Structures are given as structure tokens and as C-alpha cells.
$ cat final-v5.pdb   # PDB, C-alpha atoms, pLDDT in the B column
ATOM      1  CA  MET Z1257     -22.917 -61.660 -38.375  1.00 47.00           C
ATOM      2  CA  ARG Z1258     -19.262 -61.666 -37.591  1.00 54.00           C
ATOM      3  CA  LEU Z1259     -18.766 -58.583 -39.702  1.00 53.00           C
ATOM      4  CA  PHE Z1260     -21.481 -56.780 -37.795  1.00 53.00           C
ATOM      5  CA  GLY Z1261     -19.841 -57.687 -34.423  1.00 53.00           C
ATOM      6  CA  ALA Z1262     -16.437 -56.447 -35.565  1.00 55.00           C
ATOM      7  CA  SER Z1263     -17.985 -53.181 -36.681  1.00 60.00           C
ATOM      8  CA  ILE Z1264     -19.627 -52.703 -33.285  1.00 60.00           C
ATOM      9  CA  ALA Z1265     -16.352 -53.455 -31.464  1.00 61.00           C
ATOM     10  CA  ARG Z1266     -14.480 -50.960 -33.651  1.00 64.00           C
ATOM     11  CA  SER Z1267     -17.081 -48.227 -33.014  1.00 63.00           C
ATOM     12  CA  GLN Z1268     -16.897 -48.880 -29.280  1.00 67.00           C
ATOM     13  CA  ARG Z1269     -13.104 -48.437 -29.397  1.00 67.00           C
ATOM     14  CA  HIS Z1270     -13.570 -45.107 -31.183  1.00 66.00           C
ATOM     15  CA  LEU Z1271     -16.154 -44.101 -28.600  1.00 66.00           C
ATOM     16  CA  VAL Z1272     -13.801 -44.971 -25.715  1.00 71.00           C
ATOM     17  CA  SER Z1273     -10.916 -43.049 -27.304  1.00 73.00           C
ATOM     18  CA  GLY Z1274     -13.272 -40.103 -27.857  1.00 78.00           C
ATOM     19  CA  VAL Z1275     -14.260 -40.157 -24.168  1.00 84.00           C
ATOM     20  CA  VAL Z1276     -10.582 -40.245 -23.134  1.00 85.00           C
ATOM     21  CA  LEU Z1277      -9.884 -37.251 -25.394  1.00 88.00           C
ATOM     22  CA  LEU Z1278     -12.822 -35.406 -23.826  1.00 90.00           C
ATOM     23  CA  GLU Z1279     -11.466 -36.167 -20.331  1.00 92.00           C
ATOM     24  CA  VAL Z1280      -8.012 -34.871 -21.271  1.00 92.00           C
ATOM     25  CA  ILE Z1281      -9.474 -31.657 -22.715  1.00 95.00           C
ATOM     26  CA  LEU Z1282     -11.633 -31.162 -19.598  1.00 96.00           C
ATOM     27  CA  ALA Z1283      -8.616 -31.698 -17.311  1.00 96.00           C
ATOM     28  CA  LEU Z1284      -6.612 -29.199 -19.361  1.00 97.00           C
ATOM     29  CA  VAL Z1285      -9.399 -26.600 -19.105  1.00 97.00           C
ATOM     30  CA  LEU Z1286      -9.605 -27.087 -15.330  1.00 97.00           C
ATOM     31  CA  PHE Z1287      -5.806 -26.739 -15.007  1.00 97.00           C
ATOM     32  CA  VAL Z1288      -5.768 -23.525 -17.058  1.00 97.00           C
ATOM     33  CA  ALA Z1289      -8.639 -22.080 -14.995  1.00 97.00           C
ATOM     34  CA  ALA Z1290      -6.872 -22.929 -11.730  1.00 97.00           C
ATOM     35  CA  ALA Z1291      -3.633 -21.381 -13.005  1.00 97.00           C
ATOM     36  CA  ALA Z1292      -5.479 -18.193 -14.031  1.00 97.00           C
ATOM     37  CA  ILE Z1293      -7.122 -17.891 -10.604  1.00 97.00           C
ATOM     38  CA  LEU Z1294      -3.802 -18.498  -8.845  1.00 97.00           C
ATOM     39  CA  THR Z1295      -2.047 -15.874 -10.996  1.00 96.00           C
ATOM     40  CA  ALA Z1296      -4.757 -13.282 -10.321  1.00 96.00           C
ATOM     41  CA  THR Z1297      -4.559 -13.991  -6.581  1.00 96.00           C
ATOM     42  CA  MET Z1298      -0.764 -13.627  -6.586  1.00 97.00           C
ATOM     43  CA  ASN Z1299      -0.970 -10.313  -8.489  1.00 96.00           C
ATOM     44  CA  THR Z1300      -3.485  -8.942  -5.997  1.00 96.00           C
ATOM     45  CA  SER Z1301      -1.343 -10.092  -3.090  1.00 96.00           C
ATOM     46  CA  MET Z1302       1.792  -8.481  -4.522  1.00 96.00           C
ATOM     47  CA  ALA Z1303      -0.065  -5.188  -5.109  1.00 93.00           C
ATOM     48  CA  SER Z1304      -1.266  -5.246  -1.493  1.00 95.00           C
ATOM     49  CA  VAL Z1305       2.259  -5.837  -0.210  1.00 96.00           C
ATOM     50  CA  GLU Z1306       3.535  -2.918  -2.311  1.00 94.00           C
ATOM     51  CA  ARG Z1307       0.820  -0.610  -0.901  1.00 94.00           C
ATOM     52  CA  GLN Z1308       1.721  -1.643   2.649  1.00 96.00           C
ATOM     53  CA  LYS Z1309       5.407  -1.059   1.941  1.00 95.00           C
ATOM     54  CA  LEU Z1310       4.723   2.445   0.589  1.00 95.00           C
ATOM     55  CA  SER Z1311       2.454   3.226   3.536  1.00 95.00           C
ATOM     56  CA  LEU Z1312       5.105   2.160   6.041  1.00 96.00           C
ATOM     57  CA  ARG Z1313       7.791   4.171   4.268  1.00 96.00           C
ATOM     58  CA  ALA Z1314       5.538   7.270   4.257  1.00 96.00           C
ATOM     59  CA  GLU Z1315       4.805   6.818   7.967  1.00 96.00           C
ATOM     60  CA  ASN Z1316       8.521   6.505   8.720  1.00 96.00           C
ATOM     61  CA  LEU Z1317       9.381   9.625   6.689  1.00 96.00           C
ATOM     62  CA  ALA Z1318       6.679  11.666   8.444  1.00 96.00           C
ATOM     63  CA  SER Z1319       7.842  10.411  11.850  1.00 96.00           C
ATOM     64  CA  SER Z1320      11.438  11.277  10.959  1.00 95.00           C
ATOM     65  CA  VAL Z1321      10.495  14.857  10.065  1.00 95.00           C
ATOM     66  CA  LEU Z1322       8.619  15.262  13.360  1.00 95.00           C
ATOM     67  CA  ALA Z1323      11.540  13.754  15.298  1.00 95.00           C
ATOM     68  CA  GLU Z1324      13.976  16.149  13.583  1.00 94.00           C
ATOM     69  CA  MET Z1325      11.768  19.050  14.658  1.00 92.00           C
ATOM     70  CA  GLN Z1326      11.612  17.778  18.242  1.00 91.00           C
ATOM     71  CA  LEU Z1327      15.408  17.418  18.382  1.00 91.00           C
ATOM     72  CA  GLY Z1328      15.990  20.843  16.883  1.00 89.00           C
ATOM     73  CA  ALA Z1329      17.642  19.532  13.704  1.00 91.00           C
ATOM     74  CA  ARG Z1330      14.861  21.050  11.601  1.00 91.00           C
ATOM     75  CA  PRO Z1331      13.194  24.412  12.299  1.00 90.00           C
ATOM     76  CA  VAL Z1332       9.599  24.299  13.515  1.00 88.00           C
ATOM     77  CA  GLU Z1333       8.061  26.341  10.723  1.00 91.00           C
ATOM     78  CA  SER Z1334       5.689  25.766   7.847  1.00 92.00           C
ATOM     79  CA  ALA Z1335       7.294  24.544   4.647  1.00 91.00           C
ATOM     80  CA  SER Z1336       5.474  23.952   1.386  1.00 91.00           C
ATOM     81  CA  ALA Z1337       8.091  21.670  -0.152  1.00 91.00           C
ATOM     82  CA  ILE Z1338      10.227  19.157   1.705  1.00 92.00           C
ATOM     83  CA  VAL Z1339      12.839  17.462  -0.464  1.00 88.00           C
ATOM     84  CA  PHE Z1340      14.015  14.063   0.749  1.00 92.00           C
ATOM     85  CA  GLU Z1341      17.488  12.797  -0.081  1.00 91.00           C
ATOM     86  CA  PRO Z1342      18.065   9.616  -2.123  1.00 92.00           C
ATOM     87  CA  PRO Z1343      16.889   6.877  -1.908  1.00 92.00           C
ATOM     88  CA  PHE Z1344      13.712   8.765  -0.978  1.00 93.00           C
ATOM     89  CA  ASP Z1345      13.814  11.281  -3.836  1.00 91.00           C
ATOM     90  CA  ASP Z1346      10.493   9.970  -5.193  1.00 94.00           C
ATOM     91  CA  TRP Z1347       8.803  11.318  -2.048  1.00 96.00           C
ATOM     92  CA  SER Z1348       7.827  14.898  -1.270  1.00 95.00           C
ATOM     93  CA  GLY Z1349       6.323  16.542   1.759  1.00 96.00           C
ATOM     94  CA  GLU Z1350       5.080  19.670   3.420  1.00 96.00           C
ATOM     95  CA  ILE Z1351       4.838  20.991   6.966  1.00 96.00           C
ATOM     96  CA  ALA Z1352       1.994  23.057   8.394  1.00 96.00           C
ATOM     97  CA  VAL Z1353       2.449  24.697  11.800  1.00 94.00           C
ATOM     98  CA  THR Z1354      -0.709  26.032  13.436  1.00 92.00           C
ATOM     99  CA  PRO Z1355      -0.591  27.896  16.765  1.00 90.00           C
ATOM    100  CA  THR Z1356      -3.047  26.781  19.421  1.00 89.00           C
ATOM    101  CA  GLU Z1357      -4.984  28.744  22.016  1.00 87.00           C
ATOM    102  CA  THR Z1358      -5.754  28.110  25.651  1.00 83.00           C
ATOM    103  CA  GLU Z1359      -9.308  27.786  26.927  1.00 83.00           C
ATOM    104  CA  GLY Z1360      -9.313  31.492  27.696  1.00 83.00           C
ATOM    105  CA  GLY Z1361      -8.465  32.363  24.090  1.00 80.00           C
ATOM    106  CA  SER Z1362      -4.876  33.453  24.663  1.00 83.00           C
ATOM    107  CA  ALA Z1363      -1.984  32.017  22.663  1.00 81.00           C
ATOM    108  CA  SER Z1364      -0.381  28.906  24.126  1.00 86.00           C
ATOM    109  CA  GLN Z1365       3.159  27.604  23.815  1.00 86.00           C
ATOM    110  CA  LEU Z1366       1.891  24.536  21.968  1.00 90.00           C
ATOM    111  CA  SER Z1367       1.622  24.422  18.198  1.00 92.00           C
ATOM    112  CA  LEU Z1368      -0.028  21.770  16.067  1.00 94.00           C
ATOM    113  CA  VAL Z1369       2.538  20.519  13.568  1.00 96.00           C
ATOM    114  CA  GLU Z1370       1.217  18.480  10.642  1.00 97.00           C
ATOM    115  CA  VAL Z1371       3.554  16.691   8.240  1.00 97.00           C
ATOM    116  CA  VAL Z1372       2.147  15.530   4.909  1.00 97.00           C
ATOM    117  CA  VAL Z1373       4.216  13.063   2.870  1.00 97.00           C
ATOM    118  CA  ARG Z1374       3.317  12.166  -0.731  1.00 96.00           C
ATOM    119  CA  HIS Z1375       4.696   9.599  -3.155  1.00 95.00           C
ATOM    120  CA  LYS Z1376       5.251  10.981  -6.644  1.00 93.00           C
ATOM    121  CA  GLY Z1377       4.424   7.776  -8.538  1.00 91.00           C
ATOM    122  CA  THR Z1378       1.323   6.624  -6.654  1.00 92.00           C
ATOM    123  CA  PRO Z1379      -1.615   8.300  -4.880  1.00 92.00           C
ATOM    124  CA  MET Z1380      -0.085   7.486  -1.460  1.00 93.00           C
ATOM    125  CA  VAL Z1381      -0.520  10.354   1.029  1.00 95.00           C
ATOM    126  CA  GLN Z1382       0.411  10.100   4.709  1.00 95.00           C
ATOM    127  CA  ARG Z1383      -0.501  12.742   7.290  1.00 96.00           C
ATOM    128  CA  GLN Z1384       0.936  12.820  10.767  1.00 96.00           C
ATOM    129  CA  SER Z1385       0.384  15.531  13.335  1.00 95.00           C
ATOM    130  CA  GLN Z1386       1.656  16.284  16.800  1.00 94.00           C
ATOM    131  CA  LEU Z1387       1.518  19.076  19.367  1.00 93.00           C
ATOM    132  CA  LEU Z1388       4.953  20.600  19.921  1.00 90.00           C
ATOM    133  CA  ASN Z1389       5.989  22.910  22.732  1.00 86.00           C
ATOM    134  CA  LEU Z1390       7.843  25.660  20.890  1.00 77.00           C
ATOM    135  CA  SER Z1391       9.436  27.135  24.001  1.00 72.00           C
ATOM    136  CA  SER Z1392      11.284  23.948  24.987  1.00 56.00           C
ATOM    137  CA  GLY Z1393      11.350  22.064  21.673  1.00 42.00           C
ATOM    138  CA  LYS Z1394       9.763  19.013  23.281  1.00 46.00           C
ATOM    139  CA  SER Z1395       6.516  17.431  22.218  1.00 45.00           C
ATOM    140  CA  GLU Z1396       3.522  17.374  24.476  1.00 47.00           C
ATOM    141  CA  GLY Z1397       0.062  16.018  24.133  1.00 46.00           C
ATOM    142  CA  ALA Z1398      -1.099  13.415  21.695  1.00 50.00           C
ATOM    143  CA  SER Z1399       0.137  12.609  18.243  1.00 55.00           C
ATOM    144  CA  SER Z1400      -1.965  11.202  15.449  1.00 57.00           C
ATOM    145  CA  SER Z1401      -1.479   9.782  12.008  1.00 57.00           C
ATOM    146  CA  ASP Z1402      -3.950   9.260   9.200  1.00 56.00           C
ATOM    147  CA  ILE Z1403      -3.549   7.556   5.838  1.00 51.00           C
ATOM    148  CA  GLU Z1404      -5.603   8.910   2.987  1.00 53.00           C
TER     149      GLU Z1404
END

$ encode --input "final-v5.pdb" --output "C-alpha cells"
Amino acid sequence: MRLFGASIARSQRHLVSGVVLLEVILALVLFVAAAAILTATMNTSMASVERQKLSLRAENLASSVLAEMQLGARPVESASAIVFEPPFDDWSGEIAVTPTETEGGSASQLSLVEVVVRHKGTPMVQRQSQLLNLSSGKSEGASSSDIE
């Protein structure tokens, strides 16, 4: 009888150690899953920050080109290839100048100037347009920007 009791006690110890091992494995699986979710979330967040950074830089470059045109530092004419100086050499741009008409159909002094800025490494495209008064070099009317 004593032998039978010792055998039961020994099997219960093995059962308890097996349950502890199962708990440790389960905790390890939960930790690995949480770490994987956290890593994926951080990668997504970093990609979003990079997109926002590129978008802001494109907006600033387009605004700078329009400001140069308003100040007379850059001619107000269409250009198919704008080359930016370093550290912005991975950006390119173009300018489209479209004359506008008055309500009566005659040519006005205002022209719609659209600046398109593109990043060479990503599909980032920024468009910004503004009405410029070509006779005085000052802008009039509304300006708009649109991210594609």
C-alpha cells in the first residue's frame, strides 16, 4: 500500500511540473505575440511619420518656388524640369503657367501658376497653385494645394 501511495505522489509531482512547464510556454507565446504586434505597430508609425515628413518637405519646396516667382527671383514662365539644389537633389518639379480670362472673354493680367513637386524615390507628388498678377509680380486671389 505504501508503494502505491509513493507512486501516486511521484506522478502528481510530475503532473505539477508538467503544468508549470505548460504555463511557462504559454507565457512565452503571449510575450512573443505581444512583441510582434508592438513591432508591427512601430513600423507602421515610422512609415507614417516618414510620409508626413516627405509631404511637408514637398509643400515647402512648392511654396518656395511660388514665393520666388512672386518676389521676382524666378521668372514666371512654364518650366518642365526644376532642379533643386542639395540637400533637395532627390526632388524634381515643374511649373505650368496658364493665362486666365475675364468674364467678357478678354485676357486678364492674372495667370494661374501651378507648381508640381515630385520625390524621385517615392510616389510623393505635391501640387500647389496660385493666381499671380503678371503686371505687378504680386499674387492675387486664392491659392490652393493638393497632395496626390

$ resolve_selection --input "final-v5.pdb" --expression "the PyMOL selection byres ((chain Z and resi 1364) around 12)" --output "MDAnalysis selection string"
chainID Z and resid 1354:1363 1365:1368 1387:1391

$ atom_distance --input "final-v5.pdb" --atom1 "atom CA of Val1371 of chain Z" --atom2 "atom CA of Gln1326 of chain Z"
12.9 Å

$ atom_distance --input "final-v5.pdb" --atom1 "atom CA of Phe1344 of chain Z" --atom2 "atom CA of Ser1301 of chain Z"
24.2 Å

$ closest_residue --input "final-v5.pdb" --among "Z:Ala1337, Z:Leu1317, Z:Ala1292, Z:Val1276" --to "Gly1349 of chain Z" --atoms "all atoms listed in the file"
Z:Ala1337

$ resolve_selection --input "final-v5.pdb" --expression "the PyMOL selection byres ((chain Z and resi 1333) around 8)" --output "tab-separated table (two decimals) with C-alpha atoms, in the frame of the given file"
chain	number	residue	atom	x	y	z
Z	1331	PRO	CA	13.19	24.41	12.30
Z	1332	VAL	CA	9.60	24.30	13.52
Z	1334	SER	CA	5.69	25.77	7.85
Z	1335	ALA	CA	7.29	24.54	4.65
Z	1351	ILE	CA	4.84	20.99	6.97
Z	1352	ALA	CA	1.99	23.06	8.39
Z	1353	VAL	CA	2.45	24.70	11.80

$ atom_distance --input "final-v5.pdb" --atom1 "atom CA of Gly1328 of chain Z" --atom2 "atom CA of Glu1341 of chain Z"
18.8 Å

$ build_atoms --input "final-v5.pdb" --residues "segment 1290-1319 of chain Z" --atoms "N, CA and C atoms" --output "PDB file, in the coordinates of the input"
ATOM      1  N   ALA Z1290      -7.514 -23.009 -13.045  1.00 97.00           N
ATOM      2  CA  ALA Z1290      -6.872 -22.929 -11.730  1.00 97.00           C
ATOM      3  C   ALA Z1290      -5.615 -22.067 -11.789  1.00 97.00           C
ATOM      4  N   ALA Z1291      -4.839 -22.192 -12.852  1.00 97.00           N
ATOM      5  CA  ALA Z1291      -3.633 -21.381 -13.005  1.00 97.00           C
ATOM      6  C   ALA Z1291      -3.987 -19.899 -13.150  1.00 97.00           C
ATOM      7  N   ALA Z1292      -5.050 -19.589 -13.864  1.00 97.00           N
ATOM      8  CA  ALA Z1292      -5.479 -18.193 -14.031  1.00 97.00           C
ATOM      9  C   ALA Z1292      -5.929 -17.604 -12.694  1.00 97.00           C
ATOM     10  N   ILE Z1293      -6.667 -18.363 -11.918  1.00 97.00           N
ATOM     11  CA  ILE Z1293      -7.122 -17.891 -10.604  1.00 97.00           C
ATOM     12  C   ILE Z1293      -5.924 -17.691  -9.677  1.00 97.00           C
ATOM     13  N   LEU Z1294      -4.993 -18.611  -9.681  1.00 97.00           N
ATOM     14  CA  LEU Z1294      -3.802 -18.498  -8.845  1.00 97.00           C
ATOM     15  C   LEU Z1294      -2.963 -17.275  -9.245  1.00 97.00           C
ATOM     16  N   THR Z1295      -2.811 -17.030 -10.524  1.00 96.00           N
ATOM     17  CA  THR Z1295      -2.047 -15.874 -10.996  1.00 96.00           C
ATOM     18  C   THR Z1295      -2.721 -14.563 -10.578  1.00 96.00           C
ATOM     19  N   ALA Z1296      -4.034 -14.495 -10.727  1.00 96.00           N
ATOM     20  CA  ALA Z1296      -4.757 -13.282 -10.321  1.00 96.00           C
ATOM     21  C   ALA Z1296      -4.627 -13.049  -8.822  1.00 96.00           C
ATOM     22  N   THR Z1297      -4.701 -14.101  -8.030  1.00 96.00           N
ATOM     23  CA  THR Z1297      -4.559 -13.991  -6.581  1.00 96.00           C
ATOM     24  C   THR Z1297      -3.158 -13.515  -6.205  1.00 96.00           C
ATOM     25  N   MET Z1298      -2.146 -14.034  -6.867  1.00 97.00           N
ATOM     26  CA  MET Z1298      -0.764 -13.627  -6.586  1.00 97.00           C
ATOM     27  C   MET Z1298      -0.548 -12.157  -6.962  1.00 97.00           C
ATOM     28  N   ASN Z1299      -1.110 -11.715  -8.089  1.00 96.00           N
ATOM     29  CA  ASN Z1299      -0.970 -10.313  -8.489  1.00 96.00           C
ATOM     30  C   ASN Z1299      -1.625  -9.387  -7.478  1.00 96.00           C
ATOM     31  N   THR Z1300      -2.792  -9.748  -7.002  1.00 96.00           N
ATOM     32  CA  THR Z1300      -3.485  -8.942  -5.997  1.00 96.00           C
ATOM     33  C   THR Z1300      -2.687  -8.896  -4.698  1.00 96.00           C
ATOM     34  N   SER Z1301      -2.140 -10.026  -4.311  1.00 96.00           N
ATOM     35  CA  SER Z1301      -1.343 -10.092  -3.090  1.00 96.00           C
ATOM     36  C   SER Z1301      -0.088  -9.232  -3.203  1.00 96.00           C
ATOM     37  N   MET Z1302       0.574  -9.278  -4.334  1.00 96.00           N
ATOM     38  CA  MET Z1302       1.792  -8.481  -4.522  1.00 96.00           C
ATOM     39  C   MET Z1302       1.472  -6.987  -4.528  1.00 96.00           C
ATOM     40  N   ALA Z1303       0.340  -6.600  -5.112  1.00 93.00           N
ATOM     41  CA  ALA Z1303      -0.065  -5.188  -5.109  1.00 93.00           C
ATOM     42  C   ALA Z1303      -0.361  -4.725  -3.678  1.00 93.00           C
ATOM     43  N   SER Z1304      -0.981  -5.579  -2.890  1.00 95.00           N
ATOM     44  CA  SER Z1304      -1.266  -5.246  -1.493  1.00 95.00           C
ATOM     45  C   SER Z1304       0.020  -5.082  -0.688  1.00 95.00           C
ATOM     46  N   VAL Z1305       0.976  -5.946  -0.908  1.00 96.00           N
ATOM     47  CA  VAL Z1305       2.259  -5.837  -0.210  1.00 96.00           C
ATOM     48  C   VAL Z1305       2.963  -4.541  -0.595  1.00 96.00           C
ATOM     49  N   GLU Z1306       2.902  -4.165  -1.860  1.00 94.00           N
ATOM     50  CA  GLU Z1306       3.535  -2.918  -2.311  1.00 94.00           C
ATOM     51  C   GLU Z1306       2.867  -1.697  -1.666  1.00 94.00           C
ATOM     52  N   ARG Z1307       1.534  -1.717  -1.568  1.00 94.00           N
ATOM     53  CA  ARG Z1307       0.820  -0.610  -0.901  1.00 94.00           C
ATOM     54  C   ARG Z1307       1.219  -0.513   0.564  1.00 94.00           C
ATOM     55  N   GLN Z1308       1.325  -1.646   1.242  1.00 96.00           N
ATOM     56  CA  GLN Z1308       1.721  -1.643   2.649  1.00 96.00           C
ATOM     57  C   GLN Z1308       3.149  -1.137   2.814  1.00 96.00           C
ATOM     58  N   LYS Z1309       4.021  -1.509   1.894  1.00 95.00           N
ATOM     59  CA  LYS Z1309       5.407  -1.059   1.941  1.00 95.00           C
ATOM     60  C   LYS Z1309       5.491   0.457   1.768  1.00 95.00           C
ATOM     61  N   LEU Z1310       4.740   0.998   0.805  1.00 95.00           N
ATOM     62  CA  LEU Z1310       4.723   2.445   0.589  1.00 95.00           C
ATOM     63  C   LEU Z1310       4.127   3.176   1.791  1.00 95.00           C
ATOM     64  N   SER Z1311       3.083   2.612   2.370  1.00 95.00           N
ATOM     65  CA  SER Z1311       2.454   3.226   3.536  1.00 95.00           C
ATOM     66  C   SER Z1311       3.418   3.273   4.716  1.00 95.00           C
ATOM     67  N   LEU Z1312       4.137   2.197   4.946  1.00 96.00           N
ATOM     68  CA  LEU Z1312       5.105   2.160   6.041  1.00 96.00           C
ATOM     69  C   LEU Z1312       6.241   3.149   5.801  1.00 96.00           C
ATOM     70  N   ARG Z1313       6.717   3.228   4.573  1.00 96.00           N
ATOM     71  CA  ARG Z1313       7.791   4.171   4.268  1.00 96.00           C
ATOM     72  C   ARG Z1313       7.320   5.609   4.477  1.00 96.00           C
ATOM     73  N   ALA Z1314       6.078   5.922   4.063  1.00 96.00           N
ATOM     74  CA  ALA Z1314       5.538   7.270   4.257  1.00 96.00           C
ATOM     75  C   ALA Z1314       5.400   7.589   5.743  1.00 96.00           C
ATOM     76  N   GLU Z1315       4.938   6.631   6.516  1.00 96.00           N
ATOM     77  CA  GLU Z1315       4.805   6.818   7.967  1.00 96.00           C
ATOM     78  C   GLU Z1315       6.170   7.075   8.600  1.00 96.00           C
ATOM     79  N   ASN Z1316       7.171   6.319   8.174  1.00 96.00           N
ATOM     80  CA  ASN Z1316       8.521   6.505   8.720  1.00 96.00           C
ATOM     81  C   ASN Z1316       9.104   7.865   8.336  1.00 96.00           C
ATOM     82  N   LEU Z1317       8.878   8.313   7.109  1.00 96.00           N
ATOM     83  CA  LEU Z1317       9.381   9.625   6.689  1.00 96.00           C
ATOM     84  C   LEU Z1317       8.710  10.750   7.491  1.00 96.00           C
ATOM     85  N   ALA Z1318       7.391  10.649   7.676  1.00 96.00           N
ATOM     86  CA  ALA Z1318       6.679  11.666   8.444  1.00 96.00           C
ATOM     87  C   ALA Z1318       7.152  11.668   9.903  1.00 96.00           C
ATOM     88  N   SER Z1319       7.347  10.505  10.472  1.00 96.00           N
ATOM     89  CA  SER Z1319       7.842  10.411  11.850  1.00 96.00           C
ATOM     90  C   SER Z1319       9.253  10.982  11.966  1.00 96.00           C
TER      91      SER Z1319
END
